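Enquirer: Data: upload_0.cif, mmCIF, C-alpha atoms.
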data_protein
loop_
_atom_site.group_PDB
_atom_site.id
_atom_site.type_symbol
_atom_site.label_atom_id
_atom_site.label_comp_id
_atom_site.auth_asym_id
_atom_site.auth_seq_id
_atom_site.Cartn_x
_atom_site.Cartn_y
_atom_site.Cartn_z
ATOM 1 C CA MET N 1 -208.978 9.809 68.053
ATOM 2 C CA SER N 2 -206.902 10.270 71.070
ATOM 3 C CA ASP N 3 -209.964 11.104 73.176
ATOM 4 C CA LEU N 4 -211.814 8.079 71.856
ATOM 5 C CA LEU N 5 -208.915 5.861 72.781
ATOM 6 C CA LYS N 6 -208.920 7.282 76.281
ATOM 7 C CA THR N 7 -212.648 6.629 76.571
ATOM 8 C CA ASP N 8 -212.180 3.049 75.460
ATOM 9 C CA GLN N 9 -209.334 2.547 77.897
ATOM 10 C CA LEU N 10 -211.489 3.980 80.666
ATOM 11 C CA SER N 11 -214.351 1.656 79.754
ATOM 12 C CA GLY N 12 -211.960 -1.247 79.868
ATOM 13 C CA LEU N 13 -210.794 -0.279 83.312
ATOM 14 C CA ILE N 14 -214.341 -0.016 84.579
ATOM 15 C CA ALA N 15 -215.248 -3.375 83.080
ATOM 16 C CA ILE N 16 -212.585 -5.303 84.971
ATOM 17 C CA ARG N 17 -213.623 -3.911 88.357
ATOM 18 C CA GLU N 18 -216.074 -6.220 90.092
ATOM 19 C CA SER N 19 -218.903 -4.676 92.042
ATOM 20 C CA PRO N 20 -220.545 -6.510 94.955
ATOM 21 C CA ASN N 21 -223.498 -7.199 92.688
ATOM 22 C CA ASP N 22 -221.247 -9.406 90.552
ATOM 23 C CA TRP N 23 -220.516 -11.786 93.402
ATOM 24 C CA PHE N 24 -223.734 -11.338 95.343
ATOM 25 C CA GLU N 25 -225.564 -13.954 93.267
ATOM 26 C CA ARG N 26 -222.678 -16.418 93.654
ATOM 27 C CA CYS N 27 -222.724 -15.931 97.419
ATOM 28 C CA THR N 28 -226.498 -16.344 97.527
ATOM 29 C CA ARG N 29 -226.102 -19.690 95.760
ATOM 30 C CA LYS N 30 -223.422 -20.702 98.269
ATOM 31 C CA LEU N 31 -225.793 -20.009 101.164
ATOM 32 C CA GLN N 32 -228.564 -21.936 99.433
ATOM 33 C CA ALA N 33 -226.242 -24.901 99.009
ATOM 34 C CA ILE N 34 -225.107 -24.684 102.643
ATOM 35 C CA GLY N 35 -228.767 -24.851 103.664
ATOM 36 C CA SER N 36 -229.109 -28.198 101.911
ATOM 37 C CA LEU N 37 -226.172 -29.858 103.690
ATOM 38 C CA GLU N 38 -226.877 -32.715 106.079
ATOM 39 C CA ALA N 39 -225.200 -33.434 109.401
ATOM 40 C CA ASP N 40 -221.688 -34.871 109.126
ATOM 41 C CA TRP N 41 -221.028 -32.962 105.899
ATOM 42 C CA ASP N 42 -217.330 -32.841 106.851
ATOM 43 C CA SER N 43 -217.134 -36.564 107.749
ATOM 44 C CA TYR N 44 -215.911 -35.633 111.253
ATOM 45 C CA GLY N 45 -219.332 -35.394 112.925
ATOM 46 C CA SER N 46 -220.295 -31.815 112.045
ATOM 47 C CA ALA N 47 -223.758 -30.493 112.862
ATOM 48 C CA ARG N 48 -226.285 -29.681 110.135
ATOM 49 C CA PRO N 49 -226.035 -25.974 109.245
ATOM 50 C CA ASP N 50 -228.339 -24.020 111.545
ATOM 51 C CA SER N 51 -231.296 -22.385 109.776
ATOM 52 C CA VAL N 52 -231.278 -19.358 112.097
ATOM 53 C CA SER N 53 -227.550 -18.777 111.550
ATOM 54 C CA LEU N 54 -228.262 -19.023 107.814
ATOM 55 C CA HIS N 55 -231.046 -16.459 108.165
ATOM 56 C CA TYR N 56 -228.627 -13.985 109.736
ATOM 57 C CA ALA N 57 -225.995 -14.861 107.110
ATOM 58 C CA TYR N 58 -228.432 -13.872 104.341
ATOM 59 C CA ALA N 59 -229.092 -10.591 106.151
ATOM 60 C CA PHE N 60 -225.353 -9.927 106.498
ATOM 61 C CA LEU N 61 -224.822 -10.696 102.801
ATOM 62 C CA HIS N 62 -227.529 -8.205 101.812
ATOM 63 C CA LEU N 63 -225.840 -5.527 103.907
ATOM 64 C CA LEU N 64 -222.492 -6.327 102.261
ATOM 65 C CA ARG N 65 -224.014 -5.789 98.827
ATOM 66 C CA ASP N 66 -224.642 -2.153 99.641
ATOM 67 C CA LYS N 67 -220.982 -1.498 100.470
ATOM 68 C CA VAL N 68 -218.467 -0.365 97.880
ATOM 69 C CA ASN N 69 -215.040 -1.913 97.364
ATOM 70 C CA VAL N 70 -215.888 -5.102 99.206
ATOM 71 C CA SER N 71 -214.349 -8.249 97.769
ATOM 72 C CA GLU N 72 -216.088 -11.605 97.580
ATOM 73 C CA PRO N 73 -215.924 -13.520 100.859
ATOM 74 C CA ALA N 74 -215.361 -17.237 101.228
ATOM 75 C CA ILE N 75 -218.488 -18.676 102.860
ATOM 76 C CA THR N 76 -218.355 -21.953 104.756
ATOM 77 C CA PRO N 77 -220.362 -23.566 107.531
ATOM 78 C CA ASN N 78 -218.355 -24.600 110.559
ATOM 79 C CA PRO N 79 -218.727 -27.932 112.399
ATOM 80 C CA THR N 80 -221.096 -26.429 115.007
ATOM 81 C CA GLY N 81 -223.540 -25.464 112.239
ATOM 82 C CA ASN N 82 -222.832 -21.731 112.124
ATOM 83 C CA VAL N 83 -222.071 -19.871 108.904
ATOM 84 C CA CYS N 84 -218.645 -18.226 108.521
ATOM 85 C CA PHE N 85 -217.409 -15.484 106.189
ATOM 86 C CA GLU N 86 -213.676 -15.146 105.503
ATOM 87 C CA TRP N 87 -211.562 -12.546 103.709
ATOM 88 C CA ASP N 88 -207.809 -12.963 103.249
ATOM 89 C CA ASP N 89 -205.673 -11.276 100.622
ATOM 90 C CA GLY N 90 -202.331 -11.885 102.299
ATOM 91 C CA THR N 91 -202.244 -8.442 103.941
ATOM 92 C CA PHE N 92 -205.417 -8.686 105.986
ATOM 93 C CA THR N 93 -207.675 -11.354 107.447
ATOM 94 C CA LEU N 94 -211.248 -11.119 108.647
ATOM 95 C CA LEU N 95 -213.020 -14.239 109.860
ATOM 96 C CA VAL N 96 -216.632 -13.862 111.004
ATOM 97 C CA GLU N 97 -218.796 -16.620 112.499
ATOM 98 C CA ILE N 98 -222.505 -15.797 112.766
ATOM 99 C CA ASP N 99 -224.292 -17.826 115.452
ATOM 100 C CA ALA N 100 -227.975 -18.639 115.885
ATOM 101 C CA ALA N 101 -228.468 -15.603 118.128
ATOM 102 C CA GLY N 102 -227.193 -13.314 115.376
ATOM 103 C CA ARG N 103 -223.953 -12.611 117.236
ATOM 104 C CA CYS N 104 -220.777 -12.170 115.216
ATOM 105 C CA HIS N 105 -217.649 -13.838 116.590
ATOM 106 C CA TYR N 106 -214.711 -12.431 114.696
ATOM 107 C CA TYR N 107 -210.942 -12.427 114.229
ATOM 108 C CA TYR N 108 -209.407 -9.407 112.466
ATOM 109 C CA GLU N 109 -205.771 -8.963 111.468
ATOM 110 C CA LYS N 110 -204.281 -6.129 109.449
ATOM 111 C CA GLY N 111 -200.635 -5.255 110.018
ATOM 112 C CA SER N 112 -200.061 -4.920 113.750
ATOM 113 C CA ASP N 113 -203.791 -4.490 114.430
ATOM 114 C CA GLU N 114 -205.014 -7.885 115.645
ATOM 115 C CA ARG N 115 -208.381 -8.328 117.394
ATOM 116 C CA GLU N 116 -210.729 -11.130 118.369
ATOM 117 C CA GLY N 117 -214.159 -10.712 119.927
ATOM 118 C CA THR N 118 -217.937 -10.826 119.652
ATOM 119 C CA GLU N 119 -220.365 -8.181 118.410
ATOM 120 C CA ARG N 120 -224.115 -8.260 118.923
ATOM 121 C CA ASP N 121 -224.912 -6.513 115.652
ATOM 122 C CA PHE N 122 -223.478 -6.241 112.155
ATOM 123 C CA ALA N 123 -222.478 -2.560 112.158
ATOM 124 C CA PRO N 124 -218.972 -2.930 113.690
ATOM 125 C CA ILE N 125 -218.293 -5.925 111.435
ATOM 126 C CA LEU N 126 -219.339 -3.991 108.345
ATOM 127 C CA GLN N 127 -216.974 -1.253 109.418
ATOM 128 C CA MET N 128 -214.137 -3.803 109.563
ATOM 129 C CA VAL N 129 -215.079 -5.171 106.128
ATOM 130 C CA THR N 130 -214.948 -1.749 104.522
ATOM 131 C CA SER N 131 -211.600 -1.003 106.190
ATOM 132 C CA LEU N 132 -209.958 -4.026 104.586
ATOM 133 C CA MET R 133 -200.546 -39.329 125.377
ATOM 134 C CA ASP R 134 -197.602 -39.081 122.983
ATOM 135 C CA GLU R 135 -196.959 -35.925 121.028
ATOM 136 C CA VAL R 136 -196.300 -36.433 117.322
ATOM 137 C CA ASP R 137 -192.744 -35.565 116.228
ATOM 138 C CA GLY R 138 -192.240 -32.143 114.674
ATOM 139 C CA GLU R 139 -190.717 -33.638 111.510
ATOM 140 C CA GLU R 140 -193.868 -35.631 110.746
ATOM 141 C CA TYR R 141 -196.717 -34.506 108.479
ATOM 142 C CA ILE R 142 -200.376 -34.804 109.417
ATOM 143 C CA ILE R 143 -203.421 -34.738 107.126
ATOM 144 C CA ARG R 144 -207.154 -33.993 107.339
ATOM 145 C CA ARG R 145 -210.089 -34.470 104.966
ATOM 146 C CA ILE R 146 -211.624 -31.358 103.398
ATOM 147 C CA PRO R 147 -215.180 -31.709 102.058
ATOM 148 C CA PRO R 148 -216.164 -30.742 98.512
ATOM 149 C CA GLY R 149 -216.060 -27.024 97.780
ATOM 150 C CA ARG R 150 -217.868 -24.908 95.199
ATOM 151 C CA PRO R 151 -220.630 -24.397 94.425
ATOM 152 C CA GLY R 152 -221.846 -25.594 97.795
ATOM 153 C CA GLN R 153 -219.301 -23.978 100.035
ATOM 154 C CA ASP R 154 -215.805 -22.545 100.102
ATOM 155 C CA THR R 155 -213.859 -25.257 101.831
ATOM 156 C CA VAL R 156 -210.671 -24.291 100.047
ATOM 157 C CA LEU R 157 -209.542 -20.694 99.676
ATOM 158 C CA PRO R 158 -208.191 -20.098 96.141
ATOM 159 C CA PRO R 159 -206.288 -16.768 96.227
ATOM 160 C CA HIS R 160 -203.164 -18.210 97.823
ATOM 161 C CA GLY R 161 -202.822 -21.384 95.851
ATOM 162 C CA GLU R 162 -205.200 -23.395 97.940
ATOM 163 C CA ARG R 163 -205.447 -23.866 101.628
ATOM 164 C CA ALA R 164 -208.303 -24.982 103.849
ATOM 165 C CA THR R 165 -210.743 -22.281 104.946
ATOM 166 C CA SER R 166 -210.662 -21.457 108.650
ATOM 167 C CA ALA R 167 -214.258 -22.591 109.224
ATOM 168 C CA THR R 168 -213.448 -26.170 108.218
ATOM 169 C CA LEU R 169 -210.803 -26.243 110.972
ATOM 170 C CA MET R 170 -212.987 -25.180 113.890
ATOM 171 C CA LEU R 171 -214.114 -27.539 116.643
ATOM 172 C CA ARG R 172 -217.597 -28.888 117.326
ATOM 173 C CA VAL R 173 -219.229 -28.097 120.653
ATOM 174 C CA ASN R 174 -217.449 -30.119 123.394
ATOM 175 C CA GLU R 175 -214.822 -31.390 120.954
ATOM 176 C CA ILE R 176 -211.338 -31.328 122.477
ATOM 177 C CA GLY R 177 -209.264 -31.459 119.326
ATOM 178 C CA LEU R 178 -209.285 -31.497 115.557
ATOM 179 C CA SER R 179 -209.178 -35.030 114.130
ATOM 180 C CA CYS R 180 -206.223 -35.664 111.829
ATOM 181 C CA SER R 181 -204.023 -38.546 110.718
ATOM 182 C CA ARG R 182 -200.293 -39.133 110.605
ATOM 183 C CA LYS R 183 -199.274 -39.259 106.927
ATOM 184 C CA LEU R 184 -196.514 -41.712 107.832
ATOM 185 C CA ILE R 185 -199.179 -44.288 108.720
ATOM 186 C CA THR R 186 -202.284 -43.221 106.787
ATOM 187 C CA SER R 187 -201.924 -41.974 103.214
ATOM 188 C CA PRO R 188 -204.162 -39.188 101.869
ATOM 189 C CA GLU R 189 -205.879 -41.695 99.581
ATOM 190 C CA GLN R 190 -206.504 -44.060 102.519
ATOM 191 C CA LEU R 191 -207.934 -41.181 104.547
ATOM 192 C CA LEU R 192 -210.579 -40.585 101.892
ATOM 193 C CA ALA R 193 -211.173 -44.313 101.409
ATOM 194 C CA GLN R 194 -212.072 -44.565 105.118
ATOM 195 C CA ILE R 195 -215.322 -42.751 104.286
ATOM 196 C CA GLY R 196 -215.750 -44.316 100.842
ATOM 197 C CA LYS R 197 -214.784 -41.125 99.011
ATOM 198 C CA SER R 198 -212.118 -39.987 96.552
ATOM 199 C CA THR R 199 -211.032 -36.813 94.786
ATOM 200 C CA GLU R 200 -213.587 -37.665 92.076
ATOM 201 C CA ASP R 201 -216.291 -36.943 94.655
ATOM 202 C CA GLY R 202 -214.769 -33.500 95.212
ATOM 203 C CA TRP R 203 -213.014 -34.356 98.488
ATOM 204 C CA SER R 204 -209.560 -32.936 99.179
ATOM 205 C CA VAL R 205 -206.899 -33.583 101.809
ATOM 206 C CA CYS R 206 -204.849 -30.863 103.466
ATOM 207 C CA THR R 207 -201.562 -31.261 105.299
ATOM 208 C CA TRP R 208 -199.274 -29.612 107.839
ATOM 209 C CA LYS R 209 -195.745 -30.271 108.994
ATOM 210 C CA VAL R 210 -196.182 -30.699 112.744
ATOM 211 C CA SER R 211 -193.455 -28.155 113.515
ATOM 212 C CA ASP R 212 -195.490 -25.561 111.551
ATOM 213 C CA ILE R 213 -198.523 -25.924 113.836
ATOM 214 C CA PRO R 214 -199.080 -22.674 115.831
ATOM 215 C CA ASP R 215 -197.373 -22.582 119.241
ATOM 216 C CA ASP R 216 -200.523 -22.747 121.373
ATOM 217 C CA LEU R 217 -201.516 -26.049 119.804
ATOM 218 C CA GLN R 218 -200.068 -29.568 120.053
ATOM 219 C CA VAL R 219 -200.526 -32.762 118.054
ATOM 220 C CA VAL R 220 -201.097 -35.899 120.093
ATOM 221 C CA VAL R 221 -201.632 -39.539 119.159
ATOM 222 C CA THR R 222 -205.244 -40.500 119.918
ATOM 223 C CA PRO R 223 -206.930 -43.794 119.015
ATOM 224 C CA SER R 224 -209.811 -43.599 116.560
ATOM 225 C CA GLU R 225 -213.149 -45.154 117.372
ATOM 226 C CA PRO R 226 -213.004 -48.046 116.542
ATOM 227 C CA PRO R 227 -209.172 -48.229 116.776
ATOM 228 C CA GLU R 228 -208.832 -50.188 113.510
ATOM 229 C CA LEU R 229 -210.581 -47.400 111.547
ATOM 230 C CA ASP R 230 -207.474 -45.192 111.459
ATOM 231 C CA PRO R 231 -204.221 -46.465 112.995
ATOM 232 C CA GLY R 232 -202.659 -43.043 112.244
ATOM 233 C CA HIS R 233 -205.306 -41.051 114.089
ATOM 234 C CA CYS R 234 -204.188 -37.997 116.087
ATOM 235 C CA VAL R 235 -205.683 -34.685 117.136
ATOM 236 C CA ILE R 236 -204.577 -31.048 117.056
ATOM 237 C CA ARG R 237 -205.593 -29.675 120.416
ATOM 238 C CA PRO R 238 -204.853 -26.601 122.538
ATOM 239 C CA LYS R 239 -201.971 -26.851 124.986
ATOM 240 C CA PRO R 240 -203.004 -26.868 128.677
ATOM 241 C CA GLY R 241 -204.428 -23.491 129.677
ATOM 242 C CA LYS R 242 -205.083 -22.484 126.062
ATOM 243 C CA SER R 243 -208.275 -22.608 124.019
ATOM 244 C CA PHE R 244 -208.997 -23.226 120.358
ATOM 245 C CA THR R 245 -209.754 -19.647 119.323
ATOM 246 C CA LYS R 246 -210.714 -18.188 115.949
ATOM 247 C CA LYS R 247 -207.242 -16.691 115.777
ATOM 248 C CA LEU R 248 -205.723 -20.166 116.081
ATOM 249 C CA ALA R 249 -208.154 -21.616 113.518
ATOM 250 C CA SER R 250 -207.131 -18.828 111.129
ATOM 251 C CA LYS R 251 -203.402 -19.331 111.705
ATOM 252 C CA LEU R 252 -203.802 -23.100 111.342
ATOM 253 C CA ALA R 253 -205.688 -22.641 108.075
ATOM 254 C CA LYS R 254 -202.973 -20.370 106.687
ATOM 255 C CA LYS R 255 -200.349 -23.015 107.437
ATOM 256 C CA SER R 256 -202.299 -25.744 105.627
ATOM 257 C CA THR R 257 -201.619 -26.836 102.076
ATOM 258 C CA ILE R 258 -203.688 -29.079 99.858
ATOM 259 C CA VAL R 259 -201.900 -32.370 99.282
ATOM 260 C CA LEU R 260 -204.730 -34.078 97.383
ATOM 261 C CA ARG R 261 -207.057 -31.814 95.421
ATOM 262 C CA GLY R 262 -210.664 -32.788 94.849
ATOM 263 C CA ASP R 263 -212.335 -32.427 91.465
ATOM 264 C CA ILE R 264 -214.663 -29.453 91.082
ATOM 265 C CA ILE R 265 -218.212 -30.754 91.317
ATOM 266 C CA GLU R 266 -220.776 -28.587 89.528
#
Any chance you could put this one into structure tokens?

Expert:
Amino acid sequence: MSDLLKTDQLSGLIAIRESPNDWFERCTRKLQAIGSLEADWDSYGSARPDSVSLHYAYAFLHLLRDKVNVSEPAITPNPTGNVCFEWDDGTFTLLVEIDAAGRCHYYYEKGSDEREGTERDFAPILQMVTSL
Amino acid sequence: MDEVDGEEYIIRRIPPGRPGQDTVLPPHGERATSATLMLRVNEIGLSCSRKLITSPEQLLAQIGKSTEDGWSVCTWKVSDIPDDLQVVVTPSEPPELDPGHCVIRPKPGKSFTKKLASKLAKKSTIVLRGDIIE
């Protein structure tokens, strides 16, 4: 009985953990919706989301899915038309803007480690995501 | 141009969020996402309004929208704006559109970086929350 209870408790613990696959579909729908936005979506003269930036954003999202312990990012276009991913849990921040050349412009903050820069591929960004 | 007093509050429209996009970040009780506070190419500052002159409801009415359309309004106390930025009174185009118009722009010699957009976003709070549009 005791063992069964432990098994049930363990199952419960596993059930409340969210794997990337749980939020991957939600994020895919967000990107689809971003792709349908028109210019001036923010009422302040924003550009229409760029289809090439969106293409790279889909690729980045697929790479995120394969990582473990990654939480769901906020996904928003910015006024220039690039797609941005943002993580913030109060102890760390990662903001990534993906431009139409596939470059990642980022701002990372965790404790005293604070960095801002540009990467030409996703690998260093993925490393930051998994270190959060 | 005149700088807005540190005791004043300024406001900015935030477009509808989910399911289309994450314009408001939920985990911390609702602030604007950093991406919504970035500048367009060649834009010198982030358009805002002085709450003393333009109410949040009026700000949405300027574009014919309301919270029922999913639009929100975020706010900052001017003295909470990050140090490298300043808030200056700037006429809207046309001037009668928004008598409270102002912009958040970098101080001379500074630029509007992602770090500043992030810090600005973290200082924002939602003063008028839009309905969730499914």

Enquirer: Please identify all residues of chain R having at least one atom at most 7 Å from any atom of chain N, considering only C-alpha atoms, and return them as a list in words.

Expert: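 So the contacting residues turn out to be Ile146, Pro147, Pro151, Gly152, Gln153, Asp154, Thr155, Leu157, Ala167, Thr168, Met170, Leu171, Arg172, Val173, Lys246 and Lys247 of chain R.
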
Enquirer: Restricting the calculation to all atoms listed in the file, which member of R:Leu217, R:Val210, R:Ile143, R:Leu191 is positioned closest to Phe244 in chain R?

Expert: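 Using all atoms listed in the file, Phe244 in chain R sits closest to R:Leu217.
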
Enquirer: Between CA of Ser166 in chain R and CA of His233 in chain R, what is the spacing in Å?

Expert: 21.0 Å

Enquirer: Since I can't run it myself right now, could you work out what the PyMOL selection byres ((chain N and resi 130) around 8) selects here and report it as a ChimeraX atom specification?

Expert: /N:67-70,126-129,131-132

Enquirer: Go through the shown structure with the PyMOL selection byres ((chain R and resi 202) around 6) and write out the matching residues as a PyMOL selection string.

Expert: chain R and resi 148+199-201+203+262-265

Enquirer: Select, counting all atoms listed in the file, all protein, DNA and RNA residues no farther than 12 Å from (-205.4, -25.5, 110.2) in file coordinates, and express the selection as number ranges by chain.

Expert: R: 142-146, 155-156, 163-171, 177-180, 205-210, 212-214, 217-219, 235-237, 244-258

Enquirer: Using only C-alpha atoms, which residue out of R:Asp137, R:Glu225, R:Asp215, R:Glu189 lies closest to Pro238 in chain R?

Expert: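 Result for the nearest residue to Pro238 in chain R: R:Asp215.
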
Enquirer: Which is closest to Pro188 in chain R among R:Val136, R:Cys234, R:Ser224, R:Ser204, if we use only C-alpha atoms?

Expert: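 Smallest distance to Pro188 in chain R is found for R:Ser204.
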
Enquirer: What separation in Å, quoted to one decimal, exists between CA of Tyr56 in chain N and CA of Gly102 in chain N?

Expert: 5.9 Å

Enquirer: What is the CA of Ala100 in chain N-CA of Leu54 in chain N distance in Å, reported with one decimal?

Expert: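 Atom-to-atom, CA of Ala100 in chain N to CA of Leu54 in chain N, that is 8.1 Å.
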
Enquirer: Counting all atoms listed in the file, what is within 9 Å of range 228-231 of chain R, bar same-chain residues fewer than 4 positions away, as a ChimeraX atom specification?

Expert: /R:181-182,185-186,191,194,223-224

Enquirer: Listed atoms of range 205-212 of chain R, axis-aligned box, 8 Å per side: centre and edge lengths to one decimal in Å, as lines of an AutoDock Vina configuration file?

Expert:
center_x = -200.2
center_y = -29.6
center_z = 107.7
size_x = 29.4
size_y = 24.0
size_z = 27.7
